[in-house]
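Here is query.txt, consisting of compact mmCIF, C-alpha atoms:
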```
# COMPACT_ATOMS: atom_id res chain seq x y z
CA MET A 115 -7.02 52.86 -21.66
CA LYS A 116 -6.38 49.18 -22.07
CA ASN A 117 -6.72 48.84 -25.85
CA LYS A 118 -3.30 50.16 -26.70
CA ALA A 119 -2.48 47.68 -29.43
CA GLY A 120 -4.10 47.37 -32.83
CA TYR A 121 -7.45 45.66 -33.35
CA SER A 122 -7.49 42.02 -32.27
CA LEU A 123 -9.83 39.44 -30.79
CA GLU A 124 -8.29 40.13 -27.39
CA ASN A 125 -9.07 43.84 -27.69
CA PHE A 126 -12.60 43.05 -28.83
CA PHE A 127 -13.25 40.83 -25.81
CA TYR A 128 -11.68 43.31 -23.38
CA THR A 129 -13.81 46.19 -24.68
CA PHE A 130 -17.04 44.18 -24.94
CA LEU A 131 -16.78 42.52 -21.51
CA GLU A 132 -15.79 45.72 -19.74
CA ARG A 133 -18.64 47.58 -21.43
CA ALA A 134 -21.00 44.81 -20.32
CA GLY A 135 -19.98 45.42 -16.71
CA ALA A 136 -17.52 42.55 -16.28
CA VAL A 137 -14.33 42.65 -14.24
CA VAL A 138 -11.56 41.97 -16.75
CA GLU A 139 -7.88 41.50 -16.00
CA LYS A 140 -5.02 40.75 -18.39
CA THR A 141 -3.09 38.27 -16.26
CA SER A 142 -0.35 37.53 -18.78
CA TYR A 143 0.42 37.56 -22.49
CA GLY A 144 -2.61 36.45 -24.52
CA LEU A 145 -4.68 35.67 -21.41
CA LEU A 146 -7.76 37.45 -19.99
CA GLU A 147 -9.38 36.48 -16.71
CA THR A 148 -12.90 37.81 -16.22
CA ILE A 149 -15.87 37.71 -13.88
CA ILE A 150 -18.99 38.49 -15.87
CA PRO A 151 -22.32 39.92 -14.67
CA HIS A 152 -25.06 37.51 -13.66
CA GLU A 153 -27.20 38.38 -16.69
CA LEU A 154 -24.44 37.17 -19.04
CA ALA A 155 -23.85 33.93 -17.14
CA GLY A 156 -26.67 32.20 -19.04
CA PRO A 157 -25.36 32.79 -22.58
CA PHE A 158 -21.78 31.93 -21.57
CA GLY A 159 -22.77 29.11 -19.20
CA THR A 160 -20.55 30.44 -16.39
CA GLU A 161 -19.76 33.58 -14.40
CA GLU A 162 -16.00 33.14 -14.72
CA LEU A 163 -14.03 32.91 -17.94
CA LEU A 164 -10.33 32.37 -18.60
CA LEU A 165 -9.76 33.33 -22.24
CA ALA A 166 -6.61 32.52 -24.19
CA PHE A 167 -5.81 34.25 -27.48
CA ASP A 168 -2.65 32.33 -28.29
CA TYR A 169 -2.65 28.59 -29.01
CA GLU A 170 0.50 27.87 -27.00
CA VAL A 171 -0.81 29.93 -24.07
CA ALA A 172 -4.05 27.92 -24.17
CA GLN A 173 -2.09 24.65 -24.15
CA GLU A 174 -0.05 25.77 -21.14
CA THR A 175 -3.04 27.15 -19.16
CA PRO A 176 -5.42 24.51 -17.77
CA GLY A 177 -9.05 25.60 -17.77
CA SER A 178 -8.57 28.29 -20.38
CA ILE A 179 -10.71 28.65 -23.51
CA PHE A 180 -8.84 29.22 -26.75
CA ILE A 181 -10.50 32.01 -28.74
CA ALA A 182 -10.23 31.74 -32.51
CA PRO A 183 -12.52 32.51 -35.47
CA GLY A 184 -15.42 30.07 -35.39
CA SER A 185 -15.22 29.27 -31.68
CA ALA A 186 -18.54 29.07 -29.81
CA VAL A 187 -17.53 31.63 -27.16
CA LEU A 188 -16.54 34.13 -29.85
CA ASP A 189 -19.85 33.64 -31.68
CA THR A 190 -21.71 34.24 -28.40
CA ALA A 191 -19.72 37.38 -27.64
CA VAL A 192 -20.30 38.81 -31.13
CA ARG A 193 -24.05 38.15 -30.86
CA LEU A 194 -24.26 39.79 -27.43
CA ALA A 195 -22.07 42.74 -28.44
CA ALA A 196 -24.31 43.40 -31.43
CA GLY A 197 -27.25 43.60 -29.04
CA TYR A 198 -25.79 46.49 -27.07
CA GLY A 199 -27.08 49.87 -28.15
CA LEU A 200 -25.30 53.17 -28.37
CA TYR A 201 -26.64 54.08 -24.93
CA THR A 202 -26.71 51.94 -21.79
CA VAL A 203 -27.44 52.63 -18.13
CA HIS A 204 -25.55 50.96 -15.26
CA TYR A 205 -26.03 51.33 -11.51
CA TRP A 206 -23.60 51.27 -8.60
CA PRO A 207 -24.04 48.06 -6.57
CA GLY A 208 -22.85 49.55 -3.28
CA GLN A 209 -24.58 49.67 0.06
CA GLU A 210 -26.15 52.62 1.88
CA VAL A 211 -24.14 55.83 1.67
CA SER A 212 -23.46 57.81 4.85
CA GLN A 213 -21.43 60.89 5.67
CA PRO A 214 -17.76 59.92 6.17
CA LYS A 215 -16.19 60.67 9.52
CA ASN A 216 -13.16 62.39 7.98
CA LEU A 217 -15.31 64.68 5.79
CA GLU A 218 -13.34 67.81 6.70
CA GLN A 219 -10.11 66.20 5.54
CA LYS A 220 -11.72 65.12 2.27
CA ILE A 221 -12.97 68.65 1.63
CA ARG A 222 -9.49 70.06 2.25
CA LYS A 223 -8.07 67.56 -0.23
CA ALA A 224 -10.63 68.50 -2.89
CA VAL A 225 -10.38 72.29 -2.78
CA ASP A 226 -8.36 75.03 -1.13
CA TYR A 227 -10.35 78.20 -0.38
CA LEU A 228 -7.76 80.98 -0.32
CA HIS A 229 -8.19 83.88 2.12
CA CYS A 230 -11.32 82.25 3.55
CA ARG A 231 -12.40 80.47 6.68
CA PHE A 232 -12.69 76.73 6.30
CA PRO A 233 -16.13 75.94 4.80
CA ARG A 234 -18.96 74.96 7.09
CA VAL A 235 -21.31 72.18 5.97
CA VAL A 236 -24.75 73.78 6.26
CA SER A 237 -26.76 70.80 5.01
CA HIS A 238 -26.45 67.61 3.03
CA HIS A 239 -28.73 65.23 1.19
CA LEU A 240 -28.44 61.96 -0.67
CA ALA A 241 -29.44 61.69 -4.33
CA GLU A 242 -28.61 59.63 -7.39
CA ASN A 243 -26.00 61.32 -9.53
CA VAL A 244 -25.25 60.46 -13.15
CA TYR A 245 -21.76 60.24 -14.59
CA TYR A 246 -21.82 60.07 -18.36
CA MET A 247 -19.05 57.95 -19.83
CA PHE A 248 -18.48 59.08 -23.41
CA ASN A 249 -16.58 56.28 -25.14
CA PHE A 250 -14.76 57.62 -28.17
CA LEU A 251 -13.30 55.43 -30.90
CA CYS A 252 -9.94 56.93 -31.88
CA ALA A 253 -8.26 55.73 -35.07
CA PHE A 254 -4.58 56.51 -35.67
CA ARG A 255 -3.63 55.91 -39.31
CA SER A 256 -0.04 55.98 -40.44
CA PHE A 257 2.24 53.16 -41.69
CA GLU A 258 -0.27 51.00 -39.81
CA LYS A 259 -3.73 51.56 -38.34
CA THR A 260 -4.38 51.46 -34.61
CA GLU A 261 -7.72 51.93 -32.89
CA GLU A 262 -8.42 52.66 -29.23
CA ILE A 263 -11.51 53.27 -27.14
CA ILE A 264 -10.91 56.34 -24.98
CA PRO A 265 -13.50 56.89 -22.23
CA VAL A 266 -14.20 60.41 -20.99
CA VAL A 267 -16.40 60.72 -17.90
CA VAL A 268 -18.28 63.92 -17.07
CA ASN A 269 -20.25 64.60 -13.88
CA ALA A 270 -23.77 65.45 -15.10
CA PHE A 271 -24.49 67.56 -12.01
CA ASN A 272 -21.72 70.14 -12.41
CA GLY A 273 -20.25 69.39 -15.85
CA VAL A 274 -16.77 68.62 -14.50
CA PRO A 275 -14.64 65.92 -16.22
CA TYR A 276 -13.64 63.04 -13.96
CA PRO A 277 -10.44 61.59 -15.48
CA THR A 278 -9.90 58.89 -12.82
CA PHE A 279 -13.52 57.67 -12.71
CA ASP A 280 -12.86 54.58 -14.84
CA ASP A 281 -10.08 53.51 -12.47
CA TYR A 282 -12.76 52.98 -9.80
CA TRP A 283 -15.66 51.90 -12.04
CA GLN A 284 -13.72 49.02 -13.63
CA ASN A 285 -13.29 47.43 -10.20
CA ILE A 286 -17.01 46.89 -9.64
CA ILE A 287 -19.72 44.84 -11.32
CA PRO A 288 -22.50 47.35 -12.03
CA LEU A 289 -26.17 46.47 -11.96
CA GLU A 290 -28.76 46.75 -14.73
CA SER A 291 -31.31 48.16 -12.26
CA PRO A 292 -30.85 50.16 -9.04
CA SER A 293 -30.73 48.47 -5.64
CA TYR A 294 -31.88 51.71 -3.98
CA GLN A 295 -34.75 54.19 -4.22
CA LEU A 296 -33.54 57.76 -4.48
CA ALA A 297 -34.50 60.94 -6.24
CA GLN A 298 -32.14 61.91 -9.05
CA ALA A 299 -29.99 64.99 -8.64
CA ALA A 300 -30.35 67.82 -11.12
CA THR A 301 -28.37 67.05 -14.27
CA ARG A 302 -27.19 69.08 -17.20
CA PRO A 303 -28.36 68.05 -20.69
CA VAL A 304 -26.09 65.66 -22.57
CA ARG A 305 -25.83 68.22 -25.36
CA GLU A 306 -24.05 70.55 -22.89
CA LEU A 307 -21.77 67.81 -21.55
CA TYR A 308 -20.75 66.46 -24.95
CA PRO A 309 -18.55 69.49 -25.87
CA VAL A 310 -16.79 69.08 -22.51
CA ALA A 311 -16.10 65.43 -23.33
CA CYS A 312 -14.90 66.38 -26.83
CA ARG A 313 -12.44 68.89 -25.40
CA GLU A 314 -11.07 66.25 -23.04
CA VAL A 315 -10.77 63.50 -25.65
CA GLU A 316 -8.98 65.85 -28.03
CA GLU A 317 -6.31 66.43 -25.40
CA GLN A 318 -5.97 62.71 -24.71
CA ALA A 319 -5.94 61.80 -28.40
CA GLU A 320 -3.22 64.38 -29.04
CA LYS A 321 -1.07 62.89 -26.27
CA ARG A 322 -1.41 59.44 -27.82
CA ALA A 323 -0.76 60.88 -31.29
CA PHE A 324 2.49 62.38 -30.01
CA LEU A 325 3.69 58.91 -28.97
CA TYR A 326 2.72 57.44 -32.35
CA ARG A 327 4.49 60.30 -34.15
CA GLU A 328 7.63 59.72 -32.09
CA ALA A 329 7.65 56.03 -32.97
CA GLY A 330 6.89 56.79 -36.61
CA ALA A 331 9.62 59.42 -36.79
CA ARG A 332 12.27 56.88 -35.75
CA LEU A 333 11.10 54.41 -38.39
CA LEU A 334 10.86 57.21 -40.95
CA GLN A 335 14.49 58.23 -40.42
CA LYS A 336 15.65 54.63 -40.71
CA GLU A 337 13.79 54.12 -43.98
CA LEU A 338 14.96 57.48 -45.39
CA ALA A 339 18.56 56.64 -44.45
CA LYS A 340 18.28 53.24 -46.13
CA THR A 341 16.81 54.82 -49.25
CA GLU A 342 19.47 57.54 -49.31
CA SER A 343 22.23 54.93 -49.11
CA TYR A 344 20.77 53.08 -52.11
CA TYR A 345 20.30 56.15 -54.30
CA GLN A 346 23.64 57.72 -53.37
CA GLU A 347 25.37 54.51 -54.40
CA THR A 348 23.41 54.41 -57.67
CA LEU A 349 24.16 58.07 -58.43
CA SER A 350 27.84 57.56 -57.62
CA GLU A 351 28.08 54.70 -60.15
CA LEU A 352 26.30 56.74 -62.83
CA ARG A 353 28.56 59.76 -62.25
CA LYS A 354 31.67 57.57 -62.50
CA LYS A 355 30.46 56.07 -65.79
CA HIS A 356 29.64 59.56 -67.04
CA ALA A 357 33.12 60.85 -66.12
CA ASP A 358 34.88 57.83 -67.67
CA SER A 359 32.97 57.96 -70.96
CA SER A 360 34.13 59.94 -73.97
CA ASP A 361 31.12 59.03 -76.13
CA PRO A 362 28.78 62.05 -76.37
CA ALA A 363 25.72 59.86 -76.97
CA LYS A 364 26.53 57.66 -73.98
CA LYS A 365 27.20 60.73 -71.85
CA LYS A 366 23.80 62.14 -72.85
CA LYS A 367 22.13 58.84 -71.92
CA LEU A 368 23.93 58.72 -68.57
CA GLN A 369 23.00 62.35 -67.89
CA ASP A 370 19.34 61.48 -68.49
CA GLN A 371 19.68 58.48 -66.17
CA LEU A 372 21.15 60.73 -63.47
CA ALA A 373 18.20 63.14 -63.75
CA ALA A 374 15.69 60.29 -63.73
CA THR A 375 17.36 58.70 -60.68
CA LYS A 376 17.26 61.99 -58.76
CA ALA A 377 13.58 62.45 -59.63
CA ASP A 378 12.84 58.87 -58.60
CA TRP A 379 14.66 59.43 -55.30
CA LYS A 380 12.59 62.56 -54.64
CA ARG A 381 9.35 60.64 -55.38
CA ARG A 382 10.47 57.82 -53.09
CA GLN A 383 11.24 60.29 -50.28
CA ASP A 384 7.81 61.91 -50.68
CA ASP A 385 6.12 58.49 -50.62
CA ILE A 386 7.95 57.50 -47.42
CA VAL A 387 7.13 60.77 -45.66
CA ALA A 388 3.46 60.45 -46.68
CA ARG A 389 3.40 56.85 -45.46
CA TYR A 390 4.48 57.88 -41.97
CA ASP A 391 2.20 60.92 -41.79
CA LEU A 392 -0.28 60.42 -38.94
CA GLU A 393 -4.00 60.93 -39.44
CA VAL A 394 -6.22 60.96 -36.35
CA GLU A 395 -9.96 60.36 -36.44
CA VAL A 396 -12.14 60.56 -33.32
CA ARG A 397 -15.84 59.73 -33.11
CA LEU A 398 -18.28 58.88 -30.33
CA ASP A 399 -18.78 55.11 -30.24
CA HIS A 400 -21.23 54.68 -27.34
CA LEU A 401 -22.47 56.37 -24.19
CA VAL A 402 -22.89 54.83 -20.74
CA ALA A 403 -24.79 56.48 -17.90
CA CYS A 404 -23.20 55.42 -14.61
CA CYS A 405 -25.64 56.08 -11.76
CA ILE A 406 -24.31 56.43 -8.22
CA PRO A 407 -25.93 57.59 -4.95
CA CYS A 408 -23.90 60.63 -3.92
CA LEU A 409 -23.89 62.90 -0.92
CA PHE A 410 -24.48 66.53 -1.89
CA LEU A 411 -22.90 68.92 0.62
CA GLN A 412 -24.10 72.49 0.89
CA VAL A 413 -21.11 74.40 2.26
CA GLU A 414 -20.80 78.01 3.37
CA VAL A 415 -17.51 79.83 2.85
CA GLN A 416 -16.76 83.08 4.68
CA HIS A 417 -14.42 85.80 3.44
CA LYS A 418 -14.31 88.75 5.82
CA SER A 419 -17.98 89.71 6.22
CA SER A 420 -19.24 88.07 3.02
CA PHE A 421 -20.53 84.53 2.68
CA ASN A 422 -20.61 82.21 -0.34
CA ARG A 423 -22.48 78.95 -0.66
CA GLN A 424 -21.36 76.10 -2.86
CA THR A 425 -22.40 72.50 -3.43
CA LEU A 426 -19.73 69.82 -3.18
CA VAL A 427 -20.22 66.18 -4.16
CA TYR A 428 -19.05 63.25 -2.06
CA ASN A 429 -18.68 60.21 -4.32
CA PRO A 430 -18.78 56.84 -2.46
CA LEU A 431 -17.26 55.07 -5.48
CA SER A 432 -13.95 56.88 -5.00
CA GLY A 433 -14.54 57.71 -1.34
CA GLU A 434 -13.60 61.32 -2.05
CA VAL A 435 -15.15 64.76 -2.25
CA GLU A 436 -14.89 65.79 -5.89
CA VAL A 437 -13.09 68.87 -7.14
CA PRO A 438 -15.73 71.58 -7.79
CA PRO A 439 -15.95 73.66 -10.96
CA CYS A 440 -14.87 77.27 -11.21
CA PRO A 441 -18.08 79.33 -11.65
CA VAL A 442 -16.35 81.48 -14.26
CA CYS A 443 -14.66 79.01 -16.62
CA GLY A 444 -16.34 75.77 -15.53
CA ARG A 445 -13.01 73.97 -15.26
CA PRO A 446 -12.10 71.83 -12.21
CA ALA A 447 -10.79 74.19 -9.55
CA ARG A 448 -8.61 72.82 -6.76
CA VAL A 449 -8.03 76.41 -5.63
CA LEU A 450 -10.79 79.00 -5.28
CA ALA A 451 -10.40 82.58 -4.08
CA PRO A 452 -12.82 85.49 -3.70
CA ASP A 453 -12.59 88.10 -6.46
CA LYS A 454 -13.63 91.76 -6.33
CA ASN A 455 -17.18 90.79 -7.25
CA GLY A 456 -17.41 88.45 -4.29
CA ARG A 457 -17.33 85.27 -6.38
CA LEU A 458 -15.28 82.22 -5.52
CA ALA A 459 -13.28 81.60 -8.67
CA CYS A 460 -9.93 80.38 -9.95
CA PRO A 461 -7.20 82.84 -8.92
CA ALA A 462 -6.59 83.42 -12.64
CA HIS A 463 -10.02 85.10 -12.88
CA GLU A 464 -9.47 87.54 -10.00
CA GLU A 465 -10.33 91.05 -11.11
```
Write out the structure in this file as structure tokens.
Amino acid sequence: MKNKAGYSLENFFYTFLERAGAVVEKTSYGLLETIIPHELAGPFGTEELLLAFDYEVAQETPGSIFIAPGSAVLDTAVRLAAGYGLYTVHYWPGQEVSQPKNLEQKIRKAVDYLHCRFPRVVSHHLAENVYYMFNFLCAFRSFEKTEEIIPVVVNAFNGVPYPTFDDYWQNIIPLESPSYQLAQAATRPVRELYPVACREVEEQAEKRAFLYREAGARLLQKELAKTESYYQETLSELRKKHADSSDPAKKKKLQDQLAATKADWKRRQDDIVARYDLEVEVRLDHLVACCIPCLFLQVEVQHKSSFNRQTLVYNPLSGEVEVPPCPVCGRPARVLAPDKNGRLACPAHEE
């Protein structure tokens, strides 16, 4: 995801504009270049914006707009962002979808049917498919707080996560209404897809948390080493004074100081460790339904004298046949093989 720094005006604009369907590119430090959808051109007064988030960058970039608290463009963006609900629907702006000439190659790339003849396409039809983009707000709290929006896309037809979907979607300007007339493909309820998205975002959040913990661990060791140096020096001075003194009362006072210093050091160590402890919070921020006309391929797979039928999805956004789910575990399955029950499943489920 793009929001890999802490919260800032730049992150706000990137997230808002991308969510609104704009093409956004970070061209250099403190500079965003964007082409916004036609429906936002009125409020902003233009379909192209060059936004600078650093005063010196703005001075050095002709035609840029410096974004700072109180600026008119920021006020407009905040007002428009507040108007977006938790659920929005966007449509693919592409042209008519047809069967690709290299379909066989695309099927081979998507899935390998072990011990089977190459699948035969029995029939195909065009229908609108929905890809739900679950946008999770992930907060990482440690010595500082960082927030990121992590999108998880799930194919509503087969319930399979599509981790690279956003790589393609961010390169288009989606429409607010469809430019085509198609029946919608069968979709699974959002309540069934949400746990799939949660499982995916937990894995992604944990990967990010690992990076934050690594960075925090280095800073933690530096601060602990600095603290140890200070307290060891203090304890050494107190011990020397204690050894040099022959006054029982002074020795007793120095002994108490030594105990208090050790206790204070322990409290300081505990405070530092707690400060660098990482807390992760993940919650669903908003949901976007991305609607795309897809080609649904009914394929027949032969193993010896038995035949299996399966539906594959050709997605014109990526130009690829998507990896199908395993009928047993529901996970994406790049390899399917017949089991003893005649099912096509992940080799791990062979009985």
If we count all atoms listed in the file and set the cut-off at 7 Å, which residues sit around Asp391 of chain A, ignoring sequence neighbours fewer than 3 positions away in its own chain? Please answer as a PyMOL selection string. chain A and resi 256+387-388
- Query: If you measure from atom CA of Pro309 of chain A to atom CA of Glu395 of chain A, what distance in Å do you get, rounded to one decimal?
  - Reply: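 The value is 16.4 Å.
Atom CA of Tyr246 of chain A is positioned 4.7 Å from atom CA of Ala403 of chain A.
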Excluding Pro233 of chain A and any residue of its chain fewer than 3 positions from it, enumerate the residues within 7 Å of it, using all atoms listed in the file, and give them as a VMD selection string.
chain A and resid 413 to 415
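Excluding Lys354 of chain A itself and any same-chain residue fewer than 5 positions from it, the protein and nucleic acid residues within 10 Å of it, counting only C-alpha atoms, are Leu349, Ser359 and Leu368 of chain A.
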For this session: For each of A:Glu316, A:Glu242, A:Asp281, A:Glu337, take the minimum atom-to-atom distance to Val137 of chain A, counting all atoms listed in the file, then give the residue where this is smallest.
Result: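 Closest candidate: A:Asp281.
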Give me, as CSV, the closest atom pair and its distance (Å, one decimal) for every residue of segment 310-415 of chain A within a cut-off of 10 Å of segment 293-303 of chain A, counting all atoms listed in the file, rows sorted by chain and rising number.
```
residue,atom,partner,partner_atom,distance
A:Cys405,CA,A:Gln298,CA,9.1
A:Ile406,CA,A:Gln298,CA,9.6
A:Pro407,CA,A:Leu296,CA,7.6
A:Cys408,CA,A:Ala299,CA,8.9
A:Phe410,CA,A:Ala299,CA,8.8
```
Within 9 Å of Val396 of chain A using all atoms listed in the file, minus same-chain residues under 4 positions, as a ChimeraX atom specification:
/A:250-254,315-316,319
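Atom CA of Thr341 of chain A sits 12.1 Å away from atom CA of Thr375 of chain A.
Minimum distance to Glu218 of chain A across A:Leu426, A:Ala191, A:Ile149, A:Val268 (counting all atoms listed in the file) occurs at A:Leu426.
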Could you give me the centre and size, in Å to one decimal, of an axis-aligned box around all listed atoms of segment 400-404 of chain A with 5 Å added on every side, as lines of an AutoDock Vina configuration file?
```
center_x = -23.0
center_y = 55.6
center_z = -21.0
size_x = 13.6
size_y = 11.8
size_z = 22.7
```
Margin query: Need the shell around Pro157 of chain A: protein/DNA/RNA residues with any atom at most 10 Å away, counting only C-alpha atoms. Skip same-chain ones fewer than 3 positions apart. Format as a list in words?
Written below: Glu153, Leu154, Thr160, Glu161, Val187, Thr190, Ala191, Arg193 and Leu194 of chain A
Between A:Gly144, A:Pro362, A:Pro430, A:Pro277, smallest distance to Glu210 of chain A by all atoms listed in the file belongs to A:Pro430
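Counting all atoms listed in the file, the residue from A:Val394, A:Leu289, A:Cys440, A:Val203 that sits nearest to Pro452 of chain A is A:Cys440.
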Rebuild segment 396-405 of chain A so that it carries all heavy atoms, then output the result as an mmCIF file, keeping the file's coordinate frame.
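Generated file (result.cif):
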```cif
data_model
loop_
_atom_site.group_PDB
_atom_site.id
_atom_site.type_symbol
_atom_site.label_atom_id
_atom_site.label_comp_id
_atom_site.auth_asym_id
_atom_site.auth_seq_id
_atom_site.Cartn_x
_atom_site.Cartn_y
_atom_site.Cartn_z
ATOM 1 N N VAL A 396 -11.467 60.807 -34.590
ATOM 2 C CA VAL A 396 -12.140 60.560 -33.320
ATOM 3 C C VAL A 396 -13.644 60.667 -33.517
ATOM 4 O O VAL A 396 -14.128 61.642 -34.091
ATOM 5 C CB VAL A 396 -11.693 61.571 -32.236
ATOM 6 C CG1 VAL A 396 -12.383 61.284 -30.914
ATOM 7 C CG2 VAL A 396 -10.174 61.529 -32.060
ATOM 8 N N ARG A 397 -14.374 59.673 -33.043
ATOM 9 C CA ARG A 397 -15.840 59.730 -33.110
ATOM 10 C C ARG A 397 -16.417 59.050 -31.868
ATOM 11 O O ARG A 397 -15.796 58.156 -31.283
ATOM 12 C CB ARG A 397 -16.376 59.068 -34.377
ATOM 13 C CG ARG A 397 -16.144 57.577 -34.469
ATOM 14 C CD ARG A 397 -16.851 56.978 -35.668
ATOM 15 N NE ARG A 397 -16.583 55.554 -35.829
ATOM 16 C CZ ARG A 397 -17.241 54.597 -35.172
ATOM 17 N NH1 ARG A 397 -18.206 54.928 -34.302
ATOM 18 N NH2 ARG A 397 -16.957 53.331 -35.363
ATOM 19 N N LEU A 398 -17.605 59.481 -31.479
ATOM 20 C CA LEU A 398 -18.280 58.880 -30.330
ATOM 21 C C LEU A 398 -18.777 57.492 -30.718
ATOM 22 O O LEU A 398 -19.507 57.337 -31.697
ATOM 23 C CB LEU A 398 -19.445 59.754 -29.881
ATOM 24 C CG LEU A 398 -20.215 59.265 -28.650
ATOM 25 C CD1 LEU A 398 -19.315 59.234 -27.428
ATOM 26 C CD2 LEU A 398 -21.432 60.147 -28.386
ATOM 27 N N ASP A 399 -18.380 56.484 -29.939
ATOM 28 C CA ASP A 399 -18.780 55.110 -30.240
ATOM 29 C C ASP A 399 -20.034 54.728 -29.443
ATOM 30 O O ASP A 399 -20.998 54.221 -30.011
ATOM 31 C CB ASP A 399 -17.642 54.152 -29.889
ATOM 32 C CG ASP A 399 -17.957 52.716 -30.260
ATOM 33 O OD1 ASP A 399 -17.957 52.406 -31.462
ATOM 34 O OD2 ASP A 399 -18.226 51.907 -29.342
ATOM 35 N N HIS A 400 -20.049 54.967 -28.140
ATOM 36 C CA HIS A 400 -21.230 54.680 -27.340
ATOM 37 C C HIS A 400 -21.177 55.472 -26.037
ATOM 38 O O HIS A 400 -20.120 55.980 -25.641
ATOM 39 C CB HIS A 400 -21.365 53.179 -27.049
ATOM 40 C CG HIS A 400 -20.235 52.586 -26.268
ATOM 41 N ND1 HIS A 400 -19.014 52.259 -26.836
ATOM 42 C CD2 HIS A 400 -20.117 52.266 -24.959
ATOM 43 C CE1 HIS A 400 -18.205 51.756 -25.921
ATOM 44 N NE2 HIS A 400 -18.853 51.747 -24.765
ATOM 45 N N LEU A 401 -22.319 55.573 -25.400
ATOM 46 C CA LEU A 401 -22.470 56.370 -24.190
ATOM 47 C C LEU A 401 -23.035 55.502 -23.079
ATOM 48 O O LEU A 401 -23.981 54.743 -23.289
ATOM 49 C CB LEU A 401 -23.399 57.558 -24.454
ATOM 50 C CG LEU A 401 -23.746 58.485 -23.288
ATOM 51 C CD1 LEU A 401 -22.496 59.217 -22.809
ATOM 52 C CD2 LEU A 401 -24.816 59.491 -23.714
ATOM 53 N N VAL A 402 -22.420 55.589 -21.904
ATOM 54 C CA VAL A 402 -22.890 54.830 -20.740
ATOM 55 C C VAL A 402 -23.212 55.816 -19.625
ATOM 56 O O VAL A 402 -22.392 56.672 -19.292
ATOM 57 C CB VAL A 402 -21.827 53.820 -20.253
ATOM 58 C CG1 VAL A 402 -22.347 53.054 -19.030
ATOM 59 C CG2 VAL A 402 -21.454 52.846 -21.368
ATOM 60 N N ALA A 403 -24.411 55.685 -19.069
ATOM 61 C CA ALA A 403 -24.790 56.480 -17.900
ATOM 62 C C ALA A 403 -24.505 55.661 -16.657
ATOM 63 O O ALA A 403 -25.106 54.608 -16.448
ATOM 64 C CB ALA A 403 -26.264 56.864 -17.976
ATOM 65 N N CYS A 404 -23.572 56.115 -15.842
ATOM 66 C CA CYS A 404 -23.200 55.420 -14.610
ATOM 67 C C CYS A 404 -23.885 56.142 -13.442
ATOM 68 O O CYS A 404 -23.562 57.295 -13.146
ATOM 69 C CB CYS A 404 -21.679 55.432 -14.429
ATOM 70 S SG CYS A 404 -20.760 54.787 -15.850
ATOM 71 N N CYS A 405 -24.827 55.459 -12.813
ATOM 72 C CA CYS A 405 -25.640 56.080 -11.760
ATOM 73 C C CYS A 405 -25.140 55.676 -10.377
ATOM 74 O O CYS A 405 -24.993 54.480 -10.103
ATOM 75 C CB CYS A 405 -27.103 55.672 -11.936
ATOM 76 S SG CYS A 405 -27.781 56.088 -13.562
#
```
